[in-house]
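**Q** Okay, so here is upload-v2.txt, and as you'll see once you scroll down, it has compact mmCIF, C-alpha atoms.
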# COMPACT_ATOMS: atom_id res chain seq x y z
CA MET Q 453 117.02 120.11 106.74
CA THR Q 454 120.42 120.75 108.24
CA GLN Q 455 118.73 121.87 111.44
CA ARG Q 456 116.86 118.68 112.04
CA SER Q 457 119.62 116.37 110.90
CA LEU Q 458 122.32 118.08 112.95
CA ARG Q 459 120.12 118.13 116.03
CA THR Q 460 119.55 114.37 115.83
CA ALA Q 461 123.30 114.03 115.39
CA SER Q 462 123.90 115.91 118.63
CA ARG Q 463 121.46 113.68 120.45
CA ALA Q 464 123.27 110.68 119.01
CA SER Q 465 126.54 111.90 120.49
CA ILE Q 466 125.21 111.44 124.02
CA GLY Q 467 124.20 107.88 123.19
CA CYS Q 468 127.58 107.44 121.53
CA ALA Q 469 129.44 107.88 124.82
CA ARG Q 470 127.32 105.18 126.42
CA VAL Q 471 127.92 102.86 123.47
CA LYS Q 472 131.67 103.37 123.77
CA MET Q 473 131.59 102.26 127.41
CA ALA Q 474 129.52 99.22 126.49
CA SER Q 475 131.85 98.27 123.67
CA SER Q 476 134.89 98.35 125.95
CA PHE Q 477 133.03 95.91 128.24
CA TRP Q 478 132.56 93.53 125.32
CA LYS Q 479 136.17 94.03 124.32
CA GLY Q 480 137.05 92.95 127.86
CA VAL Q 481 134.85 89.90 127.46
CA VAL Q 482 136.62 88.96 124.21
CA GLY Q 483 139.97 89.46 125.94
CA VAL Q 484 138.98 87.24 128.85
CA GLY Q 485 137.68 84.59 126.47
CA LEU Q 486 140.88 84.59 124.43
CA PHE Q 487 142.97 84.42 127.57
CA ALA Q 488 140.93 81.49 128.88
CA LEU Q 489 141.35 79.76 125.51
CA ALA Q 490 145.10 80.26 125.63
CA HIS Q 491 145.18 79.05 129.22
CA ALA Q 492 143.24 75.90 128.29
CA ALA Q 493 145.59 75.26 125.39
CA PHE Q 494 148.61 75.66 127.66
CA SER Q 495 147.13 73.30 130.26
CA ALA Q 496 146.37 70.74 127.56
CA ALA Q 497 149.98 70.93 126.38
CA GLN Q 498 151.18 70.53 129.94
CA HIS Q 499 148.88 67.58 130.48
CA ARG Q 500 150.25 65.96 127.31
CA SER Q 501 153.84 66.32 128.48
CA TYR Q 502 152.86 64.98 131.93
CA MET Q 503 151.30 61.97 130.24
CA ARG Q 504 154.44 61.43 128.24
CA LEU Q 505 156.61 61.64 131.38
CA THR Q 506 154.50 59.26 133.44
CA GLU Q 507 153.96 56.97 130.41
CA LYS Q 508 150.20 56.87 130.90
CA GLU Q 509 149.37 57.57 127.24
CA ASN Q 510 145.88 56.12 127.48
CA GLU Q 511 144.35 58.79 129.69
CA THR Q 512 142.13 61.30 127.90
CA LEU Q 513 142.23 65.01 128.47
CA PRO Q 514 140.70 65.95 131.83
CA ILE Q 515 137.18 67.16 131.51
CA ASP Q 516 137.78 70.56 133.09
CA ILE Q 517 140.23 71.53 130.33
CA VAL Q 518 137.69 70.47 127.70
CA LEU Q 519 134.95 72.45 129.43
CA GLN Q 520 137.20 75.48 129.76
CA THR Q 521 138.03 75.38 126.06
CA LEU Q 522 134.42 75.16 124.98
CA LEU Q 523 133.27 77.84 127.39
CA ALA Q 524 136.07 80.21 126.39
CA PHE Q 525 135.20 79.69 122.73
CA VAL Q 526 131.53 80.49 123.33
CA ILE Q 527 132.39 83.59 125.36
CA THR Q 528 134.79 84.86 122.69
CA CYS Q 529 132.24 84.36 119.92
CA TYR Q 530 129.52 86.10 121.91
CA GLY Q 531 131.80 89.04 122.69
CA ILE Q 532 132.92 89.42 119.08
CA VAL Q 533 129.31 89.49 117.88
CA HIS Q 534 128.68 92.44 120.20
CA ILE Q 535 131.76 94.33 119.09
CA SER Q 536 131.29 93.81 115.40
CA GLY Q 537 128.61 96.47 114.97
CA GLU Q 538 125.14 96.59 113.45
CA PHE Q 539 123.87 93.55 111.63
CA LYS Q 540 122.33 94.22 108.19
CA ASP Q 541 118.92 92.90 107.30
CA MET Q 542 118.83 89.60 105.44
CA ASP Q 543 116.25 91.00 103.05
CA ALA Q 544 118.27 92.78 100.37
CA SER Q 545 115.48 95.15 99.45
CA SER Q 546 114.76 96.36 102.98
CA GLU Q 547 117.67 98.75 103.22
CA LEU Q 548 116.56 100.34 99.98
CA LYS Q 549 113.10 101.15 101.37
CA ASN Q 550 114.11 104.64 102.35
CA LYS Q 551 116.07 105.45 99.23
CA THR Q 552 114.50 108.01 96.97
CA PHE Q 553 115.15 109.29 93.51
CA ASP Q 554 116.57 112.46 95.02
CA THR Q 555 119.81 110.68 95.70
CA LEU Q 556 119.63 107.90 93.14
CA ARG Q 557 119.46 110.37 90.29
CA ASN Q 558 122.69 112.12 91.24
CA HIS Q 559 125.70 110.83 89.32
CA PRO Q 560 128.74 112.52 90.88
CA SER Q 561 131.00 111.73 87.94
CA PHE Q 562 128.60 113.46 85.56
CA TYR Q 563 127.72 116.58 87.54
CA LEU Q 564 127.03 119.63 85.40
CA PHE Q 565 127.67 123.13 86.65
CA ASN Q 566 125.84 125.23 84.09
CA HIS Q 567 122.71 125.44 86.22
CA ARG Q 568 120.95 128.44 87.71
CA GLY Q 569 122.91 128.02 90.93
CA ARG Q 570 125.82 129.73 89.21
CA VAL Q 571 123.75 132.90 88.92
CA LEU Q 572 121.46 132.58 91.94
CA PHE Q 573 124.27 132.31 94.45
CA ARG Q 574 126.50 134.90 92.88
CA ALA Q 575 127.32 137.73 95.30
CA PRO Q 576 125.47 140.91 94.27
CA GLU Q 577 127.85 143.12 92.31
CA GLN Q 578 128.04 146.88 92.63
CA GLU Q 579 126.31 148.55 89.73
CA PRO Q 580 127.02 152.12 88.60
CA SER Q 581 124.50 154.75 89.70
CA THR Q 582 123.08 155.73 86.29
CA PRO Q 583 120.41 153.11 85.72
CA SER Q 584 118.57 154.67 82.79
CA ALA Q 585 121.62 155.22 80.64
CA GLN Q 586 122.87 151.75 81.45
CA ALA Q 587 122.60 149.24 78.66
CA LEU Q 588 121.05 145.88 79.45
CA PRO Q 589 123.61 143.62 81.09
CA SER Q 590 124.91 140.94 78.75
CA ASN Q 591 123.53 138.17 80.94
CA PRO Q 592 119.75 138.54 80.88
CA LEU Q 593 119.39 136.37 83.95
CA ARG Q 594 121.45 138.63 86.15
CA LEU Q 595 119.50 139.76 89.19
CA ARG Q 596 119.12 143.51 89.26
CA LYS Q 597 119.17 145.55 92.39
CA LEU Q 598 115.70 146.93 93.00
CA GLU Q 599 116.79 150.32 94.32
CA ASN Q 600 118.16 151.30 90.92
CA TYR Q 601 114.62 151.53 89.64
CA HIS Q 602 113.16 154.04 92.10
CA MET R 212 127.38 135.15 111.64
CA SER R 213 127.39 132.39 114.19
CA SER R 214 128.94 129.11 113.24
CA ILE R 215 127.09 125.90 112.49
CA SER R 216 128.35 124.22 115.63
CA GLU R 217 126.92 126.99 117.77
CA LEU R 218 123.64 127.20 115.91
CA TYR R 219 122.87 123.49 116.08
CA ASP R 220 124.99 122.45 119.03
CA VAL R 221 126.94 119.77 117.22
CA SER R 222 130.52 118.72 117.60
CA TRP R 223 133.05 118.51 114.82
CA GLU R 224 132.83 114.71 114.76
CA GLU R 225 129.13 114.87 113.96
CA MET R 226 129.77 117.41 111.24
CA ARG R 227 132.39 115.12 109.77
CA ASP R 228 130.08 112.11 109.96
CA LYS R 229 127.27 114.10 108.36
CA LEU R 230 129.57 115.05 105.51
CA ARG R 231 130.52 111.40 105.09
CA LYS R 232 126.87 110.37 104.94
CA TRP R 233 126.17 113.03 102.31
CA ARG R 234 129.19 111.89 100.34
CA GLU R 235 128.36 108.20 100.42
CA GLU R 236 124.71 108.61 99.58
CA ASN R 237 125.22 111.11 96.76
CA TYR R 238 123.35 114.00 98.29
CA ARG R 239 123.72 117.17 96.28
CA ASN R 240 122.75 119.64 99.03
CA SER R 241 125.61 121.93 98.09
CA GLU R 242 124.68 124.93 100.26
CA GLN R 243 124.73 122.83 103.41
CA ILE R 244 127.90 121.01 102.38
CA VAL R 245 129.62 124.35 101.82
CA ASP R 246 128.47 125.71 105.19
CA VAL R 247 129.40 122.65 107.21
CA GLY R 248 132.55 121.84 105.25
CA GLU R 249 133.90 125.38 105.28
CA GLU R 250 133.61 125.52 109.03
CA LEU R 251 135.26 122.12 109.44
CA ILE R 252 138.15 123.17 107.22
CA ASN R 253 138.67 126.54 108.88
CA GLU R 254 138.25 125.56 112.51
CA HIS R 255 139.04 121.88 112.85
CA ALA R 256 141.57 121.12 110.14
CA SER R 257 144.17 119.69 112.53
CA LYS R 258 141.75 117.25 114.16
CA LEU R 259 140.54 115.76 110.90
CA GLY R 260 143.81 114.12 109.94
CA ASP R 261 143.76 112.46 106.57
CA ASP R 262 140.01 112.85 106.20
CA ILE R 263 140.56 116.45 105.29
CA TRP R 264 141.61 115.72 101.70
CA ILE R 265 138.39 114.01 100.78
CA ILE R 266 136.47 116.78 102.53
CA TYR R 267 138.38 119.33 100.43
CA GLU R 268 137.25 117.48 97.31
CA GLN R 269 133.63 117.30 98.46
CA VAL R 270 133.53 120.96 99.50
CA MET R 271 135.19 122.06 96.28
CA ILE R 272 132.54 120.43 94.12
CA ALA R 273 129.77 121.87 96.31
CA ALA R 274 131.41 125.31 96.12
CA LEU R 275 131.34 125.14 92.33
CA ASP R 276 127.60 124.48 92.58
CA CYS R 277 127.12 127.50 94.83
CA SER R 278 129.23 129.82 92.72
CA ARG R 279 131.80 130.14 95.56
CA ASP R 280 134.79 130.28 93.27
CA ASP R 281 137.06 131.62 95.99
CA LEU R 282 136.43 128.61 98.22
CA ALA R 283 136.79 126.22 95.28
CA TRP R 284 140.12 127.79 94.32
CA SER R 285 141.52 127.55 97.85
CA CYS R 286 140.45 123.89 98.20
CA LEU R 287 142.04 123.14 94.85
CA GLN R 288 145.28 124.83 95.87
CA GLU R 289 145.47 122.77 99.06
CA LEU R 290 144.88 119.57 97.14
CA LYS R 291 147.45 120.53 94.49
CA ARG R 292 150.00 121.23 97.18
CA GLN R 293 149.45 117.85 98.80
CA PHE R 294 149.05 115.71 95.67
CA PRO R 295 151.01 117.48 92.94
CA ASP R 296 150.87 114.83 90.23
CA SER R 297 147.52 113.32 90.85
CA HIS R 298 145.05 112.70 88.04
CA ARG R 299 142.20 113.04 90.47
CA VAL R 300 143.26 116.57 91.35
CA LYS R 301 143.71 117.40 87.67
CA ARG R 302 140.15 116.25 87.12
CA LEU R 303 138.98 118.63 89.84
CA ALA R 304 140.88 121.45 88.15
CA GLY R 305 139.08 120.51 84.94
CA MET R 306 135.72 120.61 86.73
CA ARG R 307 136.50 124.11 87.94
CA LEU R 308 137.27 125.16 84.35
CA GLU R 309 133.97 123.64 83.27
CA ALA R 310 132.13 125.61 85.93
CA LEU R 311 133.75 128.77 84.57
CA GLU R 312 132.56 127.68 81.10
CA ARG R 313 136.10 127.40 79.73
CA TYR R 314 135.28 124.19 77.94
CA GLU R 315 138.23 124.09 75.53
CA ASP R 316 140.74 124.43 78.36
CA ALA R 317 138.92 121.73 80.31
CA ASN R 318 138.93 119.45 77.27
CA LYS R 319 142.67 119.95 76.82
CA LEU R 320 143.24 119.06 80.46
CA TYR R 321 141.20 115.87 80.20
CA ASP R 322 142.96 114.91 76.97
CA SER R 323 146.29 115.25 78.74
CA ILE R 324 145.04 112.97 81.53
CA LEU R 325 143.88 110.43 78.95
CA GLN R 326 147.22 110.56 77.19
CA ASP R 327 148.95 109.68 80.42
CA ASP R 328 146.42 107.04 81.37
CA PRO R 329 144.06 105.85 78.62
CA THR R 330 141.95 103.82 81.05
CA ASN R 331 141.03 106.78 83.25
CA THR R 332 137.26 106.59 83.38
CA ALA R 333 136.76 109.83 85.28
CA ALA R 334 138.28 111.99 82.54
CA ARG R 335 136.18 110.27 79.86
CA LYS R 336 133.02 110.88 81.86
CA ARG R 337 133.90 114.55 82.29
CA LYS R 338 134.41 114.91 78.54
CA ILE R 339 130.93 113.47 78.03
CA SER R 340 129.58 115.95 80.58
CA ILE R 341 131.22 118.80 78.68
CA LEU R 342 129.41 117.72 75.52
CA ARG R 343 126.18 117.61 77.48
CA ALA R 344 126.78 121.04 79.02
CA GLN R 345 127.35 122.49 75.58
CA GLY R 346 124.02 121.06 74.47
CA LYS R 347 125.47 118.51 72.06
CA SER R 348 123.28 115.66 73.25
CA SER R 349 123.68 113.36 70.25
CA GLU R 350 127.47 113.44 70.49
CA ALA R 351 127.23 112.92 74.22
CA ILE R 352 125.01 109.90 73.64
CA ARG R 353 127.41 108.50 71.06
CA GLU R 354 130.43 108.95 73.33
CA LEU R 355 128.60 107.45 76.28
CA ASN R 356 127.63 104.43 74.19
CA GLU R 357 131.26 103.90 73.21
CA TYR R 358 132.28 104.24 76.84
CA LEU R 359 129.70 101.68 77.90
CA GLU R 360 130.90 99.21 75.27
CA GLN R 361 134.21 99.14 77.09
CA PHE R 362 133.03 99.50 80.66
CA VAL R 363 129.82 97.52 80.70
CA GLY R 364 129.45 97.40 84.46
CA ASP R 365 129.31 101.13 85.14
CA GLN R 366 125.88 101.63 86.65
CA GLU R 367 126.14 105.38 86.94
CA ALA R 368 126.85 105.62 83.24
CA TRP R 369 123.89 103.40 82.33
CA HIS R 370 121.57 105.58 84.38
CA GLU R 371 123.03 108.73 82.84
CA LEU R 372 122.51 107.26 79.38
CA SER R 373 118.89 106.44 80.20
CA GLU R 374 118.40 110.03 81.33
CA LEU R 375 119.92 111.34 78.09
CA TYR R 376 117.62 109.11 76.04
CA ILE R 377 114.57 110.23 78.00
CA ASN R 378 115.51 113.84 77.31
CA GLU R 379 115.65 112.99 73.62
CA HIS R 380 112.30 111.18 73.89
CA ASP R 381 113.91 107.94 72.71
CA TYR R 382 111.99 105.81 75.18
CA ALA R 383 112.80 102.42 73.67
CA LYS R 384 116.53 102.89 74.19
CA ALA R 385 115.97 104.41 77.62
CA ALA R 386 114.00 101.29 78.54
CA PHE R 387 116.93 99.17 77.38
CA CYS R 388 119.34 101.04 79.65
CA LEU R 389 116.97 100.67 82.58
CA GLU R 390 116.66 96.95 81.85
CA GLU R 391 120.44 96.68 82.22
CA LEU R 392 120.19 98.43 85.56
CA MET R 393 117.35 96.23 86.71
CA MET R 394 119.34 93.12 85.81
CA THR R 395 122.27 94.13 87.95
CA ASN R 396 120.12 95.49 90.79
CA PRO R 397 117.13 93.18 91.00
CA HIS R 398 116.05 94.37 94.44
CA ASN R 399 116.09 98.09 93.75
CA HIS R 400 112.46 99.15 93.51
CA LEU R 401 113.32 102.54 92.04
CA TYR R 402 114.75 101.15 88.81
CA CYS R 403 111.64 98.96 88.41
CA GLU R 404 109.44 101.95 88.92
CA GLN R 405 111.37 104.15 86.51
CA TYR R 406 111.28 101.40 83.88
CA ALA R 407 107.53 101.08 84.35
CA GLU R 408 107.14 104.84 83.95
CA VAL R 409 109.10 104.79 80.70
CA LYS R 410 106.97 101.94 79.39
CA TYR R 411 103.83 103.82 80.42
CA THR R 412 105.04 106.88 78.56
CA GLN R 413 105.67 104.86 75.43
CA GLY R 414 102.00 103.90 75.40
CA GLY R 415 100.22 101.16 73.52
CA LEU R 416 98.49 98.18 75.04
CA GLU R 417 101.47 95.83 75.50
CA ASN R 418 103.58 98.61 77.02
CA LEU R 419 100.78 99.49 79.42
CA GLU R 420 100.49 95.87 80.52
CA LEU R 421 104.25 95.68 81.00
CA ALA R 422 104.16 98.95 82.92
CA ARG R 423 101.45 97.63 85.20
CA LYS R 424 103.48 94.50 85.88
CA TYR R 425 106.62 96.43 86.72
CA PHE R 426 104.72 98.86 88.93
CA ALA R 427 103.44 95.80 90.77
CA GLN R 428 106.99 94.46 91.02
CA ALA R 429 108.20 97.77 92.46
CA LEU R 430 105.40 97.58 95.03
CA LYS R 431 106.37 94.03 95.89
CA LEU R 432 109.92 95.20 96.57
CA ASN R 433 108.80 98.23 98.56
CA ASN R 434 105.18 98.53 99.57
CA ARG R 435 105.65 102.15 100.58
CA ASN R 436 106.45 103.39 97.10
CA MET R 437 103.56 105.80 96.44
CA ARG R 438 104.59 106.58 92.87
CA ALA R 439 104.38 102.91 91.98
CA LEU R 440 100.93 102.72 93.58
CA PHE R 441 99.69 105.66 91.54
CA GLY R 442 101.35 104.17 88.46
CA LEU R 443 99.56 100.88 89.04
CA TYR R 444 96.26 102.72 89.35
CA MET R 445 96.83 104.74 86.18
CA SER R 446 98.03 101.87 84.03
CA ALA R 447 95.24 99.54 85.20
CA SER R 448 92.66 102.26 84.53
CA HIS R 449 94.10 102.90 81.09
CA ILE R 450 93.97 99.22 80.16
CA ALA R 451 90.43 98.88 81.50
CA ALA R 452 89.30 101.91 79.49
CA SER R 453 90.90 100.76 76.25
CA PRO R 454 88.40 99.52 73.64
CA LYS R 455 90.61 96.70 72.39
CA VAL R 456 90.64 94.51 75.47
CA SER R 457 88.51 91.49 76.22
CA ALA R 458 85.91 91.63 78.97
CA LYS R 459 87.92 89.44 81.33
CA VAL R 460 91.03 91.63 81.05
CA LYS R 461 88.85 94.68 81.59
CA LYS R 462 87.33 93.18 84.73
CA ASP R 463 90.76 92.21 86.10
CA ASN R 464 92.14 95.67 85.55
CA VAL R 465 89.17 97.36 87.13
CA LYS R 466 89.83 95.16 90.15
CA TYR R 467 93.51 96.15 90.21
CA ALA R 468 92.62 99.82 89.92
CA ALA R 469 90.10 99.51 92.74
CA TRP R 470 92.69 97.82 94.93
CA ALA R 471 95.20 100.56 94.15
CA THR R 472 92.60 103.20 95.04
CA SER R 473 91.94 101.62 98.40
CA GLN R 474 95.67 101.38 99.14
CA ILE R 475 96.20 105.02 98.21
CA SER R 476 93.34 106.22 100.43
CA ARG R 477 94.60 104.07 103.25
CA ALA R 478 98.13 105.40 102.90
CA TYR R 479 96.96 108.99 103.02
CA GLN R 480 94.77 108.25 106.00
CA MET R 481 97.65 106.63 107.88
CA ALA R 482 99.94 109.51 107.01
CA GLY R 483 97.45 112.09 108.24
CA ARG R 484 96.68 110.28 111.50
CA GLY R 485 96.64 112.66 114.42
CA LYS R 486 96.67 115.77 112.27
CA LYS R 487 93.56 117.85 112.30
CA GLU R 488 93.33 118.39 108.54
CA ASN R 489 93.09 114.65 108.00
CA LYS R 490 89.43 114.61 106.94
CA CYS R 491 89.93 117.35 104.35
CA SER R 492 93.05 115.77 102.88
CA VAL R 493 91.43 112.34 102.65
CA LYS R 494 88.46 113.88 100.84
CA ALA R 495 90.87 115.70 98.53
CA VAL R 496 92.58 112.41 97.69
CA GLU R 497 89.25 110.78 96.83
CA GLU R 498 88.28 113.67 94.60
CA MET R 499 91.65 113.53 92.89
CA LEU R 500 91.32 109.81 92.25
CA GLU R 501 87.91 110.34 90.76
CA SER R 502 89.15 113.09 88.50
CA MET R 503 91.94 110.83 87.28
CA GLN R 504 89.44 108.38 85.83
CA ILE R 505 90.31 107.70 82.21
CA THR R 506 87.46 108.74 79.94
CA MET R 507 87.12 107.32 76.49
CA SER R 508 87.91 109.91 73.89
Is it possible to express this structure as structure tokens?
**A**
Amino acid sequence: MTQRSLRTASRASIGCARVKMASSFWKGVVGVGLFALAHAAFSAAQHRSYMRLTEKENETLPIDIVLQTLLAFVITCYGIVHISGEFKDMDASSELKNKTFDTLRNHPSFYLFNHRGRVLFRAPEQEPSTPSAQALPSNPLRLRKLENYH
Amino acid sequence: MSSISELYDVSWEEMRDKLRKWREENYRNSEQIVDVGEELINEHASKLGDDIWIIYEQVMIAALDCSRDDLAWSCLQELKRQFPDSHRVKRLAGMRLEALERYEDANKLYDSILQDDPTNTAARKRKISILRAQGKSSEAIRELNEYLEQFVGDQEAWHELSELYINEHDYAKAAFCLEELMMTNPHNHLYCEQYAEVKYTQGGLENLELARKYFAQALKLNNRNMRALFGLYMSASHIAASPKVSAKVKKDNVKYAAWATSQISRAYQMAGRGKKENKCSVKAVEEMLESMQITMS
């Protein structure tokens, strides 16, 4: 299983580089949007002070500032949605469709270690060269070396 | 022996991400974790930064599974050096003692953790695991029940308790534990299915009906759950074959069983599409379904 899973991981790395370039584009978009928003805010403040100076308080904000604000807001939102990563499904049960008992049954806080892996994976130990006189090893499960029985 | 990164042509970032996936989804593929993790630790320790400590923990537990006591000891030493007074590291030391079957020493260690911090759940769970490893299931069950009275929301513990009860053939209490899990995870089809299986095992007409309903619920949540499909077929067939049911119930259940049969055959046919043994395997499935017919004894 490692083979297949690691190979798909290596293929994903090539796609990963492309994704990184794309995400820096969207980061640029978010930056531009925020800058435009700040610029619109600054112009609105300037317009307000101009109104106060020329005592024409009844004039509304010029339409281009309003349009710039709205457009910058939309661009920023759109860019953030692209940066923020994968959306999850709305259906709560759909991401569980691939889960199996293999992983659900494992409780890491309750792992036991007295399983056959302790013996199966043990490195083969050197046994003395008198097999017939040798008493049975104390652990009946211990794997014996076959050549001792020739 | 060539390294993993040469064999599979992966970079260290992918190996690290793979380890993270295995850690988050509770995979217990210890051989692979040891292979991948050992190489990451030996070759790429400097690039991992702070991730390395959690990788040490993961590799240490996997090494205990694979009887690699040398690797486990070295990981533990690194962690002890970095976090000298940590309860989490003490717990890992206790786990190593458990793997070496030195249960009294491990128990003393966990008791010292609990003296320092009576609310430490990890140490309590390890003490319960020691009881289980020593074969004292009834004490383990009692301790786990006391633990769950205090920490009612611990899903892992509820599932562990249900497993303990199933091992003791106490299916009613196992069903209760699984009900708790189903309440807190209503969209998890696996808990529904396991509950239905426990009810099916208990037997009796009401339990079979309940089992059939929960198998159907599991299928509603995930229509690719083959075990639930087979369970639906078996429970419906059992109910239909029982002598105590009315004719209408019998007819309904025969219909359910027939539906389940058609779904099973269809699933096997879809799975075998494009493979040349498809015809033989489909025939084998039909024969198997026929042989699973419940006969009246």
**Q** Under the rule of at most 6 Å, produce a per-residue listing of chain Q near chain R: chain, number, name, the closest pair of atoms, and the distance in Å, as a Markdown table, using all atoms listed in the file.
**A**
| residue | atom | partner | partner_atom | distance |
| --- | --- | --- | --- | --- |
| Q:Ser462 | CA | R:Val221 | CA | 5.1 |
| Q:Ser545 | CA | R:His398 | CA | 5.1 |
| Q:Lys549 | CA | R:Asn433 | CA | 5.9 |
| Q:Thr555 | CA | R:Tyr238 | CA | 5.5 |
| Q:His559 | CA | R:Glu367 | CA | 6.0 |
| Q:Phe562 | CA | R:Ser340 | CA | 5.7 |
| Q:Phe565 | CA | R:Ala310 | CA | 5.2 |
| Q:Gly569 | CA | R:Cys277 | CA | 5.8 |
| Q:Arg570 | CA | R:Ser278 | CA | 4.9 |
| Q:Phe573 | CA | R:Cys277 | CA | 5.6 |
| Q:Arg574 | CA | R:Ser278 | CA | 5.8 |
**Q** Find the spatial neighbours of Val465 of chain R, counting all atoms listed in the file, within a cut-off of 8 Å - ignore same-chain residues fewer than 6 positions away - and output them as a list in words.
**A**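 Residues meeting the cut-off are Ala447, Ser448 and Ala451 of chain R.
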**Q** Pick from R:Val363, R:Glu315, R:Tyr479, R:Arg484: nearest to Val496 of chain R, with all atoms listed in the file counted?
**A**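 Going through R:Val363, R:Glu315, R:Tyr479, R:Arg484 one by one, the smallest distance to Val496 of chain R is for R:Tyr479.
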**Q** What are the centre and edge lengths in Å, to one decimal, of the axis-aligned box around all listed atoms of segment 219-231 of chain R with 6 Å added on each side, as AutoDock Vina command-line options?
**A**
--center_x 128.0 --center_y 117.4 --center_z 112.1 --size_x 22.2 --size_y 24.1 --size_z 25.9
**Q** Let me make sure I understand: among Q:Arg504, Q:Leu489, Q:Phe477, Q:His567, which one has the smallest atom-to-atom distance to Val518 of chain Q if we use only C-alpha atoms?
**A**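 Closest to Val518 of chain Q of all the choices is Q:Leu489.
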**Q** Using only C-alpha atoms, determine which residues lie at most 12 Å from Tyr406 of chain R, disregarding the query and same-chain residues fewer than 2 positions distant; provide the list as JSON, numbers by chain.
**A** {"R": [370, 373, 374, 377, 382, 383, 384, 385, 386, 387, 388, 389, 390, 391, 392, 393, 394, 399, 400, 401, 402, 403, 404, 408, 409, 410, 411, 412, 413, 418, 419, 421, 422, 423, 424, 425, 426, 427, 428, 429, 439, 442]}
**Q** Have a look at atom CA of Gly415 of chain R and atom CA of Arg557 of chain Q and let me know their distance in Å, one decimal.
**A**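 Taking atom CA of Gly415 of chain R and atom CA of Arg557 of chain Q, their separation equals 27.1 Å.
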**Q** Distance atom CA of Arg568 of chain Q-atom CA of Ile266 of chain R, one decimal place?
**A**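 Atom CA of Ile266 of chain R lies at a distance of 24.4 Å from atom CA of Arg568 of chain Q.
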**Q** Provide the atom CA of Asn378 of chain R to atom CA of Ala351 of chain R distance in Å, to one decimal place.
**A**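 According to the coordinates, atom CA of Asn378 of chain R and atom CA of Ala351 of chain R are separated by 12.2 Å.
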**Q** Of the candidates Q:Leu522, Q:Ile517, Q:Leu556, Q:Val484, which shows the shortest atom-to-atom distance to Ala497 of chain Q, using all atoms listed in the file?
**A**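 Counting all atoms listed in the file, the residue closest to Ala497 of chain Q is Q:Ile517.
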**Q** Point out the residue among R:Tyr314, R:Trp470, R:Trp264, R:Phe362 with the least atom-to-atom distance to Leu443 of chain R, counting all atoms listed in the file.
**A**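 Checking each candidate against Leu443 of chain R, we get R:Trp470 as the closest.
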**Q** So, counting all atoms listed in the file, which residue among R:Asp365, R:Glu249, R:Glu501, R:Asp327 is closest to Tyr444 of chain R?
**A**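 With all atoms listed in the file as the atom set, the closest residue is R:Glu501.
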**Q** Restore N, CA, C and O atoms in segment 542-550 of chain Q and list the result as a PDB file, in the frame of the given file.
**A**
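What follows is the written file result_26.pdb:
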ATOM      1  N   MET Q 542     118.611  90.643 106.436  1.00  0.00           N
ATOM      2  CA  MET Q 542     118.830  89.600 105.440  1.00  0.00           C
ATOM      3  C   MET Q 542     118.161  89.941 104.131  1.00  0.00           C
ATOM      4  O   MET Q 542     118.624  89.584 103.068  1.00  0.00           O
ATOM      5  N   ASP Q 543     117.024  90.658 104.229  1.00  0.00           N
ATOM      6  CA  ASP Q 543     116.250  91.000 103.050  1.00  0.00           C
ATOM      7  C   ASP Q 543     116.985  92.095 102.293  1.00  0.00           C
ATOM      8  O   ASP Q 543     117.140  93.198 102.788  1.00  0.00           O
ATOM      9  N   ALA Q 544     117.439  91.818 101.086  1.00  0.00           N
ATOM     10  CA  ALA Q 544     118.270  92.780 100.370  1.00  0.00           C
ATOM     11  C   ALA Q 544     117.512  94.048 100.046  1.00  0.00           C
ATOM     12  O   ALA Q 544     118.110  95.116  99.924  1.00  0.00           O
ATOM     13  N   SER Q 545     116.196  93.956  99.889  1.00  0.00           N
ATOM     14  CA  SER Q 545     115.480  95.150  99.450  1.00  0.00           C
ATOM     15  C   SER Q 545     115.106  96.044 100.625  1.00  0.00           C
ATOM     16  O   SER Q 545     114.684  97.160 100.432  1.00  0.00           O
ATOM     17  N   SER Q 546     115.273  95.562 101.877  1.00  0.00           N
ATOM     18  CA  SER Q 546     114.760  96.360 102.980  1.00  0.00           C
ATOM     19  C   SER Q 546     115.586  97.603 103.211  1.00  0.00           C
ATOM     20  O   SER Q 546     115.053  98.636 103.597  1.00  0.00           O
ATOM     21  N   GLU Q 547     116.903  97.544 102.953  1.00  0.00           N
ATOM     22  CA  GLU Q 547     117.670  98.750 103.220  1.00  0.00           C
ATOM     23  C   GLU Q 547     117.492  99.765 102.110  1.00  0.00           C
ATOM     24  O   GLU Q 547     117.930 100.897 102.222  1.00  0.00           O
ATOM     25  N   LEU Q 548     116.817  99.383 101.042  1.00  0.00           N
ATOM     26  CA  LEU Q 548     116.560 100.340  99.980  1.00  0.00           C
ATOM     27  C   LEU Q 548     115.217 101.021 100.176  1.00  0.00           C
ATOM     28  O   LEU Q 548     114.845 101.869  99.379  1.00  0.00           O
ATOM     29  N   LYS Q 549     114.456 100.634 101.228  1.00  0.00           N
ATOM     30  CA  LYS Q 549     113.100 101.150 101.370  1.00  0.00           C
ATOM     31  C   LYS Q 549     113.082 102.651 101.527  1.00  0.00           C
ATOM     32  O   LYS Q 549     112.130 103.303 101.149  1.00  0.00           O
ATOM     33  N   ASN Q 550     114.134 103.209 102.123  1.00  0.00           N
ATOM     34  CA  ASN Q 550     114.110 104.640 102.350  1.00  0.00           C
ATOM     35  C   ASN Q 550     114.828 105.413 101.269  1.00  0.00           C
ATOM     36  O   ASN Q 550     114.917 106.628 101.343  1.00  0.00           O
TER      37      ASN Q 550
END
